[in-house]
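The file query.pdb contains PDB, C-alpha atoms and all ligand atoms:
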```
ATOM      1  CA  MET A   1       0.000   0.000   0.000
ATOM      2  CA  PRO A   2       1.291   3.474  -0.757
ATOM      3  CA  THR A   3       1.940   5.377   2.427
ATOM      4  CA  ALA A   4       1.794   9.017   3.326
ATOM      5  CA  SER A   5       4.882   8.645   5.444
ATOM      6  CA  GLY A   6       7.924   9.883   3.670
ATOM      7  CA  SER A   7       6.040  12.580   1.772
ATOM      8  CA  PRO A   8       7.107  16.053   2.860
ATOM      9  CA  ALA A   9       3.567  17.212   2.061
ATOM     10  CA  VAL A  10       1.928  14.914   4.630
ATOM     11  CA  ARG A  11       2.485  14.745   8.379
ATOM     12  CA  VAL A  12       1.060  11.781  10.266
ATOM     13  CA  SER A  13       0.907  12.428  14.015
ATOM     14  CA  GLU A  14       3.068  10.242  16.206
ATOM     15  CA  GLU A  15       0.010   8.818  17.963
ATOM     16  CA  VAL A  16      -1.683   7.817  14.707
ATOM     17  CA  ARG A  17       1.507   6.447  13.198
ATOM     18  CA  ALA A  18       2.134   4.254  16.258
ATOM     19  CA  ALA A  19      -1.464   3.002  16.393
ATOM     20  CA  VAL A  20      -1.448   2.075  12.694
ATOM     21  CA  ALA A  21       1.931   0.343  13.063
ATOM     22  CA  ASP A  22       0.645  -1.669  16.042
ATOM     23  CA  GLY A  23      -2.616  -2.599  14.314
ATOM     24  CA  ARG A  24      -4.639  -0.738  16.929
ATOM     25  CA  PRO A  25      -7.973   0.765  15.795
ATOM     26  CA  VAL A  26      -7.904   4.257  14.292
ATOM     27  CA  LEU A  27     -10.857   6.290  13.004
ATOM     28  CA  ALA A  28     -10.325   9.039  10.421
ATOM     29  CA  LEU A  29     -12.548  12.128  10.627
ATOM     30  CA  GLU A  30     -12.955  14.852   8.021
ATOM     31  CA  SER A  31     -12.587  18.570   8.659
ATOM     32  CA  THR A  32     -14.753  20.282   6.027
ATOM     33  CA  ILE A  33     -17.702  19.538   8.288
ATOM     34  CA  LEU A  34     -15.855  21.696  10.868
ATOM     35  CA  SER A  35     -14.529  24.454   8.600
ATOM     36  CA  HIS A  36     -17.543  24.768   6.296
ATOM     37  CA  GLY A  37     -20.379  22.573   7.554
ATOM     38  CA  LEU A  38     -21.059  23.733  11.104
ATOM     39  CA  PRO A  39     -21.284  27.230  12.580
ATOM     40  CA  SER A  40     -18.738  28.497  15.103
ATOM     41  CA  PRO A  41     -18.381  27.787  18.016
ATOM     42  CA  ARG A  42     -20.294  24.504  17.621
ATOM     43  CA  ASN A  43     -17.744  23.289  15.092
ATOM     44  CA  LEU A  44     -14.930  23.245  17.652
ATOM     45  CA  GLU A  45     -17.123  21.603  20.297
ATOM     46  CA  VAL A  46     -18.040  18.920  17.771
ATOM     47  CA  GLY A  47     -14.451  18.471  16.585
ATOM     48  CA  LEU A  48     -13.035  18.042  20.073
ATOM     49  CA  GLY A  49     -16.100  16.179  21.374
ATOM     50  CA  SER A  50     -15.961  13.638  18.549
ATOM     51  CA  GLU A  51     -12.327  12.881  19.281
ATOM     52  CA  ARG A  52     -13.181  12.377  22.943
ATOM     53  CA  GLU A  53     -16.036  10.042  22.053
ATOM     54  CA  VAL A  54     -13.732   8.000  19.804
ATOM     55  CA  ARG A  55     -11.120   7.724  22.547
ATOM     56  CA  ASP A  56     -13.762   6.658  25.052
ATOM     57  CA  LEU A  57     -14.479   3.730  22.721
ATOM     58  CA  GLY A  58     -10.817   2.726  22.798
ATOM     59  CA  VAL A  59     -10.036   4.030  19.305
ATOM     60  CA  VAL A  60      -7.453   6.603  18.219
ATOM     61  CA  PRO A  61      -9.064   9.555  16.381
ATOM     62  CA  ALA A  62      -7.325  11.009  13.330
ATOM     63  CA  THR A  63      -8.952  14.237  12.257
ATOM     64  CA  ILE A  64      -7.443  15.215   8.923
ATOM     65  CA  GLY A  65      -6.935  18.692   7.463
ATOM     66  CA  VAL A  66      -4.405  21.028   5.886
ATOM     67  CA  ILE A  67      -2.358  23.509   7.926
ATOM     68  CA  GLY A  68      -0.254  26.020   6.031
ATOM     69  CA  GLY A  69      -0.192  23.691   3.021
ATOM     70  CA  GLU A  70       0.849  20.618   4.983
ATOM     71  CA  ALA A  71      -1.695  17.792   5.018
ATOM     72  CA  VAL A  72      -2.000  16.573   8.596
ATOM     73  CA  VAL A  73      -3.326  13.143   9.576
ATOM     74  CA  GLY A  74      -4.093  13.515  13.270
ATOM     75  CA  LEU A  75      -4.537  17.241  13.878
ATOM     76  CA  SER A  76      -3.509  18.494  17.302
ATOM     77  CA  PRO A  77      -6.204  20.248  19.386
ATOM     78  CA  ALA A  78      -4.594  23.602  18.528
ATOM     79  CA  GLU A  79      -4.619  22.786  14.802
ATOM     80  CA  LEU A  80      -8.218  21.650  15.021
ATOM     81  CA  GLU A  81      -9.099  24.919  16.711
ATOM     82  CA  HIS A  82      -7.248  26.823  14.000
ATOM     83  CA  LEU A  83      -9.343  25.214  11.236
ATOM     84  CA  CYS A  84     -12.510  25.987  13.213
ATOM     85  CA  THR A  85     -11.732  29.656  13.814
ATOM     86  CA  ALA A  86      -9.183  31.066  11.354
ATOM     87  CA  ILE A  87     -10.176  33.376   8.508
ATOM     88  CA  GLY A  88      -9.541  32.164   4.985
ATOM     89  CA  VAL A  89      -9.699  28.411   5.543
ATOM     90  CA  VAL A  90     -10.557  26.869   2.184
ATOM     91  CA  LYS A  91     -12.342  23.616   1.347
ATOM     92  CA  ALA A  92     -10.006  21.056  -0.161
ATOM     93  CA  SER A  93     -10.912  18.030  -2.200
ATOM     94  CA  VAL A  94      -8.136  15.871  -3.660
ATOM     95  CA  ARG A  95      -7.356  18.194  -6.549
ATOM     96  CA  ASP A  96      -6.975  21.118  -4.152
ATOM     97  CA  LEU A  97      -4.255  19.451  -2.051
ATOM     98  CA  PRO A  98      -1.368  20.450  -4.350
ATOM     99  CA  VAL A  99      -2.758  23.978  -4.695
ATOM    100  CA  ALA A 100      -3.030  24.331  -0.919
ATOM    101  CA  ARG A 101       0.498  22.963  -0.593
ATOM    102  CA  ALA A 102       2.027  25.307  -3.156
ATOM    103  CA  LYS A 103       0.230  28.334  -1.732
ATOM    104  CA  GLY A 104       0.597  27.433   1.946
ATOM    105  CA  LEU A 105      -3.163  27.479   2.597
ATOM    106  CA  ASP A 106      -5.184  26.186   5.533
ATOM    107  CA  ALA A 107      -7.977  23.843   4.455
ATOM    108  CA  GLY A 108     -10.737  21.626   5.703
ATOM    109  CA  THR A 109     -10.581  18.357   3.788
ATOM    110  CA  THR A 110     -13.684  16.886   2.141
ATOM    111  CA  VAL A 111     -14.626  13.237   2.326
ATOM    112  CA  ALA A 112     -12.596  12.656  -0.843
ATOM    113  CA  ALA A 113      -9.401  14.302   0.392
ATOM    114  CA  THR A 114      -9.792  12.873   3.889
ATOM    115  CA  ALA A 115     -10.313   9.318   2.639
ATOM    116  CA  TRP A 116      -7.416   9.645   0.206
ATOM    117  CA  LEU A 117      -5.033  10.807   2.947
ATOM    118  CA  ALA A 118      -6.371   8.363   5.543
ATOM    119  CA  HIS A 119      -5.909   5.356   3.274
ATOM    120  CA  ARG A 120      -2.354   6.369   2.464
ATOM    121  CA  ALA A 121      -1.643   6.648   6.178
ATOM    122  CA  GLY A 122      -2.889   3.078   6.659
ATOM    123  CA  ILE A 123      -6.234   3.984   8.286
ATOM    124  CA  ARG A 124      -9.099   1.641   7.409
ATOM    125  CA  VAL A 125     -12.241   3.349   8.684
ATOM    126  CA  MET A 126     -13.608   6.860   8.453
ATOM    127  CA  SER A 127     -16.755   8.618   9.627
ATOM    128  CA  THR A 128     -18.443  11.671   8.180
ATOM    129  CA  GLY A 129     -21.852  13.316   8.336
ATOM    130  CA  GLY A 130     -23.058  13.389   4.769
ATOM    131  CA  LEU A 131     -21.338  12.293   1.630
ATOM    132  CA  GLY A 132     -21.007  14.487  -1.444
ATOM    133  CA  GLY A 133     -22.927  13.284  -4.486
ATOM    134  CA  VAL A 134     -24.644  14.209  -7.711
ATOM    135  CA  HIS A 135     -26.221  17.659  -7.650
ATOM    136  CA  ARG A 136     -29.785  18.127  -8.827
ATOM    137  CA  ASP A 137     -28.825  20.064 -11.934
ATOM    138  CA  ALA A 138     -25.928  17.767 -12.823
ATOM    139  CA  ALA A 139     -27.320  16.965 -16.253
ATOM    140  CA  GLN A 140     -26.620  20.605 -17.164
ATOM    141  CA  THR A 141     -23.726  21.486 -14.854
ATOM    142  CA  PHE A 142     -21.852  18.173 -14.544
ATOM    143  CA  ASP A 143     -21.674  18.981 -10.810
ATOM    144  CA  GLU A 144     -20.894  15.654  -9.203
ATOM    145  CA  SER A 145     -18.780  15.587  -6.059
ATOM    146  CA  ALA A 146     -15.258  14.263  -6.421
ATOM    147  CA  ASP A 147     -16.161  12.198  -3.343
ATOM    148  CA  LEU A 148     -17.692   9.598  -5.682
ATOM    149  CA  PRO A 149     -14.779   8.839  -8.056
ATOM    150  CA  VAL A 150     -12.279   9.049  -5.197
ATOM    151  CA  LEU A 151     -14.298   6.535  -3.154
ATOM    152  CA  ALA A 152     -14.229   4.229  -6.174
ATOM    153  CA  GLU A 153     -10.442   4.119  -5.846
ATOM    154  CA  THR A 154      -9.975   4.279  -2.084
ATOM    155  CA  PRO A 155     -10.442   1.020  -0.166
ATOM    156  CA  ILE A 156     -11.621   2.411   3.147
ATOM    157  CA  THR A 157     -14.837   1.794   5.083
ATOM    158  CA  LEU A 158     -16.859   4.975   5.277
ATOM    159  CA  VAL A 159     -19.757   5.578   7.653
ATOM    160  CA  SER A 160     -22.149   8.326   6.604
ATOM    161  CA  ALA A 161     -25.854   9.088   6.966
ATOM    162  CA  GLY A 162     -26.262   9.004   3.218
ATOM    163  CA  VAL A 163     -26.358  12.155   1.163
ATOM    164  CA  LYS A 164     -28.437  15.212   1.872
ATOM    165  CA  SER A 165     -31.656  15.735  -0.012
ATOM    166  CA  ILE A 166     -30.109  18.925  -1.432
ATOM    167  CA  LEU A 167     -28.530  16.458  -3.874
ATOM    168  CA  ASP A 168     -30.089  14.111  -6.422
ATOM    169  CA  ILE A 169     -30.155  10.984  -4.267
ATOM    170  CA  GLY A 170     -31.323   8.594  -6.973
ATOM    171  CA  ALA A 171     -28.610   9.741  -9.370
ATOM    172  CA  THR A 172     -26.001   9.494  -6.612
ATOM    173  CA  LEU A 173     -26.971   5.869  -5.907
ATOM    174  CA  GLU A 174     -26.806   5.098  -9.636
ATOM    175  CA  ARG A 175     -23.334   6.607  -9.872
ATOM    176  CA  LEU A 176     -22.151   4.586  -6.868
ATOM    177  CA  GLU A 177     -23.348   1.473  -8.668
ATOM    178  CA  THR A 178     -21.528   2.466 -11.858
ATOM    179  CA  LEU A 179     -18.384   3.152  -9.836
ATOM    180  CA  ASN A 180     -18.541  -0.300  -8.196
ATOM    181  CA  VAL A 181     -18.853   1.092  -4.681
ATOM    182  CA  PRO A 182     -20.774  -1.252  -2.348
ATOM    183  CA  VAL A 183     -23.445   0.494  -0.246
ATOM    184  CA  VAL A 184     -25.151  -1.200   2.687
ATOM    185  CA  GLY A 185     -27.660   0.109   5.183
ATOM    186  CA  TYR A 186     -26.846  -0.182   8.856
ATOM    187  CA  ARG A 187     -29.781  -2.082  10.344
ATOM    188  CA  THR A 188     -31.995  -0.833   7.511
ATOM    189  CA  ASN A 189     -32.835  -1.549   3.876
ATOM    190  CA  ARG A 190     -33.658   2.099   3.195
ATOM    191  CA  TYR A 191     -31.052   4.606   2.146
ATOM    192  CA  PRO A 192     -30.976   7.331   4.809
ATOM    193  CA  GLY A 193     -31.484  10.975   3.837
ATOM    194  CA  PHE A 194     -29.131  12.582   6.353
ATOM    195  CA  TYR A 195     -31.598  14.870   8.196
ATOM    196  CA  VAL A 196     -34.273  12.202   7.813
ATOM    197  CA  ALA A 197     -33.876   8.496   8.482
ATOM    198  CA  ASP A 198     -35.407   7.389   5.183
ATOM    199  CA  SER A 199     -34.680   9.094   1.858
ATOM    200  CA  GLY A 200     -37.308   7.044   0.057
ATOM    201  CA  PHE A 201     -34.716   4.909  -1.781
ATOM    202  CA  ASP A 202     -34.183   1.195  -1.189
ATOM    203  CA  LEU A 203     -30.906  -0.575  -0.524
ATOM    204  CA  GLU A 204     -30.471  -4.178  -1.573
ATOM    205  CA  TYR A 205     -28.212  -5.132   1.326
ATOM    206  CA  ARG A 206     -27.813  -4.338   4.982
ATOM    207  CA  VAL A 207     -25.425  -5.158   7.794
ATOM    208  CA  ASP A 208     -26.615  -5.466  11.369
ATOM    209  CA  SER A 209     -23.443  -5.214  13.419
ATOM    210  CA  PRO A 210     -19.960  -3.680  13.363
ATOM    211  CA  ALA A 211     -18.618  -7.219  12.901
ATOM    212  CA  GLU A 212     -20.693  -7.662   9.754
ATOM    213  CA  ALA A 213     -19.449  -4.338   8.378
ATOM    214  CA  ALA A 214     -15.883  -5.431   9.125
ATOM    215  CA  ALA A 215     -16.490  -8.745   7.337
ATOM    216  CA  LEU A 216     -17.660  -6.833   4.279
ATOM    217  CA  ALA A 217     -14.505  -4.702   4.296
ATOM    218  CA  ARG A 218     -12.348  -7.831   4.569
ATOM    219  CA  ALA A 219     -14.222  -9.445   1.684
ATOM    220  CA  ARG A 220     -13.591  -6.347  -0.432
ATOM    221  CA  ASP A 221      -9.893  -6.692   0.398
ATOM    222  CA  GLU A 222      -9.890 -10.409  -0.429
ATOM    223  CA  PHE A 223     -11.091  -9.581  -3.940
ATOM    224  CA  GLY A 224      -8.469  -6.865  -4.229
ATOM    225  CA  LEU A 225     -11.124  -4.286  -5.031
ATOM    226  CA  THR A 226     -10.087  -0.648  -4.859
ATOM    227  CA  SER A 227     -13.444   0.749  -3.817
ATOM    228  CA  ALA A 228     -14.619   2.021  -0.479
ATOM    229  CA  VAL A 229     -17.366   0.184   1.388
ATOM    230  CA  LEU A 230     -20.127   2.626   2.320
ATOM    231  CA  VAL A 231     -22.079   1.988   5.501
ATOM    232  CA  ALA A 232     -25.210   4.149   5.456
ATOM    233  CA  ASN A 233     -26.254   4.803   9.032
ATOM    234  CA  PRO A 234     -29.629   6.508   9.542
ATOM    235  CA  VAL A 235     -30.266   9.072  12.236
ATOM    236  CA  ASP A 236     -32.459   7.797  15.072
ATOM    237  CA  PRO A 237     -35.985   8.688  13.861
ATOM    238  CA  ALA A 238     -36.621  10.301  17.269
ATOM    239  CA  HIS A 239     -33.949  12.887  16.396
ATOM    240  CA  GLN A 240     -34.635  13.393  12.699
ATOM    241  CA  LEU A 241     -35.751  16.700  11.223
ATOM    242  CA  ASP A 242     -39.533  16.816  10.852
ATOM    243  CA  PRO A 243     -40.002  15.545   7.264
ATOM    244  CA  ALA A 244     -42.614  18.214   6.416
ATOM    245  CA  LEU A 245     -40.330  21.027   7.629
ATOM    246  CA  HIS A 246     -37.488  19.398   5.762
ATOM    247  CA  ASP A 247     -39.384  19.351   2.453
ATOM    248  CA  ARG A 248     -40.495  22.963   2.766
ATOM    249  CA  VAL A 249     -37.037  24.331   3.601
ATOM    250  CA  LEU A 250     -35.409  22.274   0.882
ATOM    251  CA  ALA A 251     -37.642  23.838  -1.752
ATOM    252  CA  GLU A 252     -36.849  27.335  -0.446
ATOM    253  CA  ALA A 253     -33.120  26.675  -0.237
ATOM    254  CA  LEU A 254     -32.917  25.506  -3.831
ATOM    255  CA  VAL A 255     -34.701  28.661  -5.021
ATOM    256  CA  ALA A 256     -32.400  30.852  -2.883
ATOM    257  CA  ALA A 257     -29.238  29.197  -4.213
ATOM    258  CA  ASP A 258     -30.417  29.714  -7.753
ATOM    259  CA  ALA A 259     -31.324  33.362  -7.102
ATOM    260  CA  ALA A 260     -27.940  34.017  -5.480
ATOM    261  CA  GLY A 261     -26.126  32.419  -8.419
ATOM    262  CA  ILE A 262     -24.366  29.902  -6.197
ATOM    263  CA  THR A 263     -22.491  27.251  -8.175
ATOM    264  CA  GLY A 264     -19.732  24.693  -7.862
ATOM    265  CA  HIS A 265     -18.278  23.711  -4.525
ATOM    266  CA  ASP A 266     -19.955  26.673  -2.797
ATOM    267  CA  THR A 267     -23.306  24.979  -3.278
ATOM    268  CA  THR A 268     -23.166  22.530  -0.381
ATOM    269  CA  PRO A 269     -22.018  25.071   2.259
ATOM    270  CA  PHE A 270     -24.638  27.561   1.027
ATOM    271  CA  LEU A 271     -27.512  25.087   1.249
ATOM    272  CA  LEU A 272     -26.401  23.775   4.637
ATOM    273  CA  ASP A 273     -26.203  27.293   6.013
ATOM    274  CA  TYR A 274     -29.632  28.060   4.601
ATOM    275  CA  PHE A 275     -31.072  24.970   6.274
ATOM    276  CA  GLN A 276     -29.581  25.949   9.607
ATOM    277  CA  ARG A 277     -31.007  29.450   9.516
ATOM    278  CA  ALA A 278     -34.407  28.514   8.099
ATOM    279  CA  THR A 279     -35.037  25.732  10.608
ATOM    280  CA  GLU A 280     -33.820  27.871  13.513
ATOM    281  CA  GLY A 281     -31.389  25.295  14.700
ATOM    282  CA  ALA A 282     -33.538  22.172  14.241
ATOM    283  CA  SER A 283     -31.430  21.039  11.303
ATOM    284  CA  LEU A 284     -28.293  21.735  13.312
ATOM    285  CA  ALA A 285     -29.560  19.561  16.156
ATOM    286  CA  ALA A 286     -30.317  16.766  13.674
ATOM    287  CA  ASN A 287     -26.920  17.270  12.032
ATOM    288  CA  LEU A 288     -25.138  16.858  15.361
ATOM    289  CA  GLU A 289     -27.113  13.691  16.169
ATOM    290  CA  VAL A 290     -26.335  12.268  12.753
ATOM    291  CA  TYR A 291     -22.643  12.938  13.129
ATOM    292  CA  ARG A 292     -22.423  11.615  16.673
ATOM    293  CA  GLY A 293     -24.049   8.359  15.566
ATOM    294  CA  ASN A 294     -21.668   7.985  12.630
ATOM    295  CA  VAL A 295     -18.597   8.666  14.753
ATOM    296  CA  ALA A 296     -19.663   6.035  17.288
ATOM    297  CA  LEU A 297     -20.427   3.418  14.637
ATOM    298  CA  GLY A 298     -17.162   4.155  12.809
ATOM    299  CA  ALA A 299     -15.234   3.609  16.031
ATOM    300  CA  GLU A 300     -17.003   0.284  16.609
ATOM    301  CA  ILE A 301     -16.239  -0.867  13.066
ATOM    302  CA  ALA A 302     -12.585   0.192  13.481
ATOM    303  CA  ARG A 303     -12.428  -1.982  16.581
ATOM    304  CA  ALA A 304     -14.088  -4.911  14.824
ATOM    305  CA  LEU A 305     -11.595  -4.632  11.949
ATOM    306  CA  ALA A 306      -8.612  -4.438  14.275
ATOM    307  CA  GLY A 307      -9.819  -7.287  16.495
TER
HETATM  308  N1  LIG B 401     -22.458  17.013   3.065
HETATM  309  C1  LIG B 401     -22.827  17.428   4.294
HETATM  310  N2  LIG B 401     -21.962  18.189   5.031
HETATM  311  C2  LIG B 401     -20.731  18.513   4.573
HETATM  312  C3  LIG B 401     -20.346  18.019   3.291
HETATM  313  C4  LIG B 401     -21.231  17.283   2.580
HETATM  314  O1  LIG B 401     -23.912  17.136   4.713
HETATM  315  O2  LIG B 401     -19.977  19.214   5.269
HETATM  316  C5  LIG B 401     -18.961  18.287   2.803
HETATM  317  C6  LIG B 401     -18.140  17.002   2.924
HETATM  318  O3  LIG B 401     -16.822  17.348   3.281
HETATM  319  C7  LIG B 401     -18.161  16.461   1.506
HETATM  320  C8  LIG B 401     -18.146  17.740   0.706
HETATM  321  O4  LIG B 401     -17.073  15.643   1.219
HETATM  322  O5  LIG B 401     -18.995  18.619   1.422
HETATM  323  C9  LIG B 401     -18.623  17.554  -0.712
HETATM  324  O6  LIG B 401     -18.497  18.773  -1.388
HETATM  325  P1  LIG B 401     -18.517  18.839  -2.979
HETATM  326  O7  LIG B 401     -19.941  18.541  -3.381
HETATM  327  O8  LIG B 401     -18.098  20.227  -3.316
HETATM  328  O9  LIG B 401     -17.554  17.787  -3.459
HETATM  329 MN    MN B 402     -19.188  20.030  -6.982
END
```

So, in terms of structure tokens, how does the structure I just supplied come out?
Amino acid sequence: MPTASGSPAVRVSEEVRAAVADGRPVLALESTILSHGLPSPRNLEVGLGSEREVRDLGVVPATIGVIGGEAVVGLSPAELEHLCTAIGVVKASVRDLPVARAKGLDAGTTVAATAWLAHRAGIRVMSTGGLGGVHRDAAQTFDESADLPVLAETPITLVSAGVKSILDIGATLERLETLNVPVVGYRTNRYPGFYVADSGFDLEYRVDSPAEAAALARARDEFGLTSAVLVANPVDPAHQLDPALHDRVLAEALVAADAAGITGHDTTPFLLDYFQRATEGASLAANLEVYRGNVALGAEIARALAG
């Protein structure tokens, strides 16, 4: 496996390096959710709180981001705080890593960039909130997140709560099929819709335990496949966003994005911010529940894989 160690552009923290070398469980966490997905000061609380939760489960957290152009696998608390509070932190997918490096930028890493760096550091499991996907107007704009093609070539296990309904969920699932990325529901045969437990789309397969998810990842490895395994973990229905409120705000947000001329990689942050303001915090509460659940499940799968 290619490693990140040895590259001057990537720093793997001593703690993460030692845990990977010893075969102890490590969970990778992304940082765009902190830099661009959650408002301050909640982002820092969530970033530090998630790491604590992972440690409490006996797993080493590795939050990944870019500091002054250097990709860091296992951000220190001070670096995590920097990405949560500094002005001018950009959002970096894989193609942005060399730009950030050459220009010495700070960046939150997307699912794509985080998974890419995590895999090269020898980390086998990652948790996120929502995955990027195919945007609703993709037939005209070609706007499909680089998360999808990168996951097709990055053999990691990724826990998410599906993709947000701001995207074209059906098209995203079709693209994941085309890209040979296995998707299973966690204790469900319905694809979750991030804020809501059920997006309305079916999944053929499910896993019902961390051990079963780990077995799927091992089977992927046995076939030598390069793709990620996606574990779609729904929010507890008791904590989901009210589906009627969700549908109303979604319609408004799409109109607002269009009116404001928002395009490209600004689209997701814009829509998320709109949701947070329009639901007066209800979407934020759901978002935090979703993420907490994914972090916990990711840690359990990391343990099952290491055990
Ligand atoms: N979906 C969310 N919250 C997020 C993101 C997606 O619900 O914060 C972030 C993730 O980092 C994801 C990225 O990898 O947005 C996808 O952005 P784009 O569509 O520009 O590739
Ligand atoms: Mn895009």

Once the PyMOL selection byres (((chain A and resi 225-240) around 6) and not hetatm) is applied to the coordinates I shared, what remains selected? I want it as a VMD selection string. chain A and resid 151 to 162 181 to 186 192 195 to 197 220 223 to 224 241 286 290

Name the residues captured by the PyMOL selection byres (((chain A and resi 84) around 7) and not hetatm) when it is applied to the shown file; answer as a VMD selection string. chain A and resid 34 to 35 40 43 to 44 80 to 83 85 to 86

Legend entry - Close residues, region 27-32 of chain A itself excluded, 6 Å, all atoms listed in the file, min 6 positions apart in chain, as a list in words: Pro61, Ala62, Thr63, Ile64, Gly65, Gly108, Thr109, Thr110, Thr114, Val125, Met126, Ser127 and Ala299 of chain A

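For the pair atom C9 of ligand LIG 401 (chain B) and CA of Ala146 (chain A), the interatomic distance is 7.4 Å.
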
Handout entry: Nearby residues, ligand LIG 401 (chain B), 8 Å, only C-alpha atoms and all ligand atoms, as a PyMOL selection string
Key = chain A and resi 30-34+36-38+91+93+108-113+128-135+143-147+163-164+194+264-269+272+287

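The residue that comes closest to Pro8 (chain A), out of A:Ile87, A:Ile301, A:Ala71, A:Val66 and on the basis of all atoms listed in the file, is A:Ala71.
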
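The two atoms in question, CA of Asn294 (chain A) and CA of Ala115 (chain A), are spaced 15.2 Å apart.
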
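Here CA of Gly69 (chain A) is placed at a distance of 16.0 Å from CA of Gly6 (chain A).
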
| task | Kindly resolve the PyMOL selection byres (((chain A and resi 11) around 7) and not hetatm) on the present coordinates and return the residues as a list in words. | result | Ala9, Val10, Val12, Ser13, Glu70, Ala71, Val72 and Val73 of chain A

For C-alpha atoms, I'd like the residues from the last selection saved as a short mmCIF file (atom, residue, chain, number, x, y, z; two decimals), keeping the file's coordinate frame.
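Contents of the output file out_21.cif:
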```cif
data_model
loop_
_atom_site.label_atom_id
_atom_site.label_comp_id
_atom_site.auth_asym_id
_atom_site.auth_seq_id
_atom_site.Cartn_x
_atom_site.Cartn_y
_atom_site.Cartn_z
CA ALA A 9 3.57 17.21 2.06
CA VAL A 10 1.93 14.91 4.63
CA VAL A 12 1.06 11.78 10.27
CA SER A 13 0.91 12.43 14.02
CA GLU A 70 0.85 20.62 4.98
CA ALA A 71 -1.70 17.79 5.02
CA VAL A 72 -2.00 16.57 8.60
CA VAL A 73 -3.33 13.14 9.58
#
```

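Compared by their closest atoms to ligand MN 402 (chain B), and using all atoms listed in the file, the residues A:Leu284, A:Ala19, A:Leu216, A:Leu167 rank with A:Leu167 nearest.
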
Using all atoms listed in the file, the best pick from A:Leu203, A:Leu288, A:Ala92, A:Val60 as closest to ligand MN 402 (chain B) would be A:Ala92

N, CA and C atoms are what I want for region 48-59 of chain A; can you complete it accordingly and write them as a PDB file, keeping the file's coordinate frame?
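Written file, part.pdb:
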```
ATOM      1  N   LEU A  48     -13.715  18.568  18.877  1.00  0.00           N
ATOM      2  CA  LEU A  48     -13.035  18.042  20.073  1.00  0.00           C
ATOM      3  C   LEU A  48     -13.874  16.948  20.727  1.00  0.00           C
ATOM      4  N   GLY A  49     -15.204  17.153  20.745  1.00  0.00           N
ATOM      5  CA  GLY A  49     -16.100  16.179  21.374  1.00  0.00           C
ATOM      6  C   GLY A  49     -16.075  14.842  20.646  1.00  0.00           C
ATOM      7  N   SER A  50     -16.008  14.887  19.324  1.00  0.00           N
ATOM      8  CA  SER A  50     -15.961  13.638  18.549  1.00  0.00           C
ATOM      9  C   SER A  50     -14.697  12.860  18.879  1.00  0.00           C
ATOM     10  N   GLU A  51     -13.585  13.568  18.959  1.00  0.00           N
ATOM     11  CA  GLU A  51     -12.327  12.881  19.281  1.00  0.00           C
ATOM     12  C   GLU A  51     -12.406  12.227  20.658  1.00  0.00           C
ATOM     13  N   ARG A  52     -13.034  12.936  21.603  1.00  0.00           N
ATOM     14  CA  ARG A  52     -13.181  12.377  22.943  1.00  0.00           C
ATOM     15  C   ARG A  52     -14.037  11.108  22.909  1.00  0.00           C
ATOM     16  N   GLU A  53     -15.130  11.187  22.160  1.00  0.00           N
ATOM     17  CA  GLU A  53     -16.036  10.042  22.053  1.00  0.00           C
ATOM     18  C   GLU A  53     -15.315   8.824  21.462  1.00  0.00           C
ATOM     19  N   VAL A  54     -14.486   9.084  20.448  1.00  0.00           N
ATOM     20  CA  VAL A  54     -13.732   8.000  19.804  1.00  0.00           C
ATOM     21  C   VAL A  54     -12.753   7.384  20.798  1.00  0.00           C
ATOM     22  N   ARG A  55     -12.074   8.226  21.530  1.00  0.00           N
ATOM     23  CA  ARG A  55     -11.120   7.724  22.547  1.00  0.00           C
ATOM     24  C   ARG A  55     -11.818   6.907  23.617  1.00  0.00           C
ATOM     25  N   ASP A  56     -13.011   7.386  24.024  1.00  0.00           N
ATOM     26  CA  ASP A  56     -13.762   6.658  25.052  1.00  0.00           C
ATOM     27  C   ASP A  56     -14.112   5.245  24.585  1.00  0.00           C
ATOM     28  N   LEU A  57     -14.180   5.055  23.265  1.00  0.00           N
ATOM     29  CA  LEU A  57     -14.479   3.730  22.721  1.00  0.00           C
ATOM     30  C   LEU A  57     -13.201   2.932  22.463  1.00  0.00           C
ATOM     31  N   GLY A  58     -12.075   3.465  22.923  1.00  0.00           N
ATOM     32  CA  GLY A  58     -10.817   2.726  22.798  1.00  0.00           C
ATOM     33  C   GLY A  58     -10.187   2.812  21.416  1.00  0.00           C
ATOM     34  N   VAL A  59     -10.520   3.872  20.682  1.00  0.00           N
ATOM     35  CA  VAL A  59     -10.036   4.030  19.305  1.00  0.00           C
ATOM     36  C   VAL A  59      -9.282   5.353  19.207  1.00  0.00           C
TER      37      VAL A  59
END
```
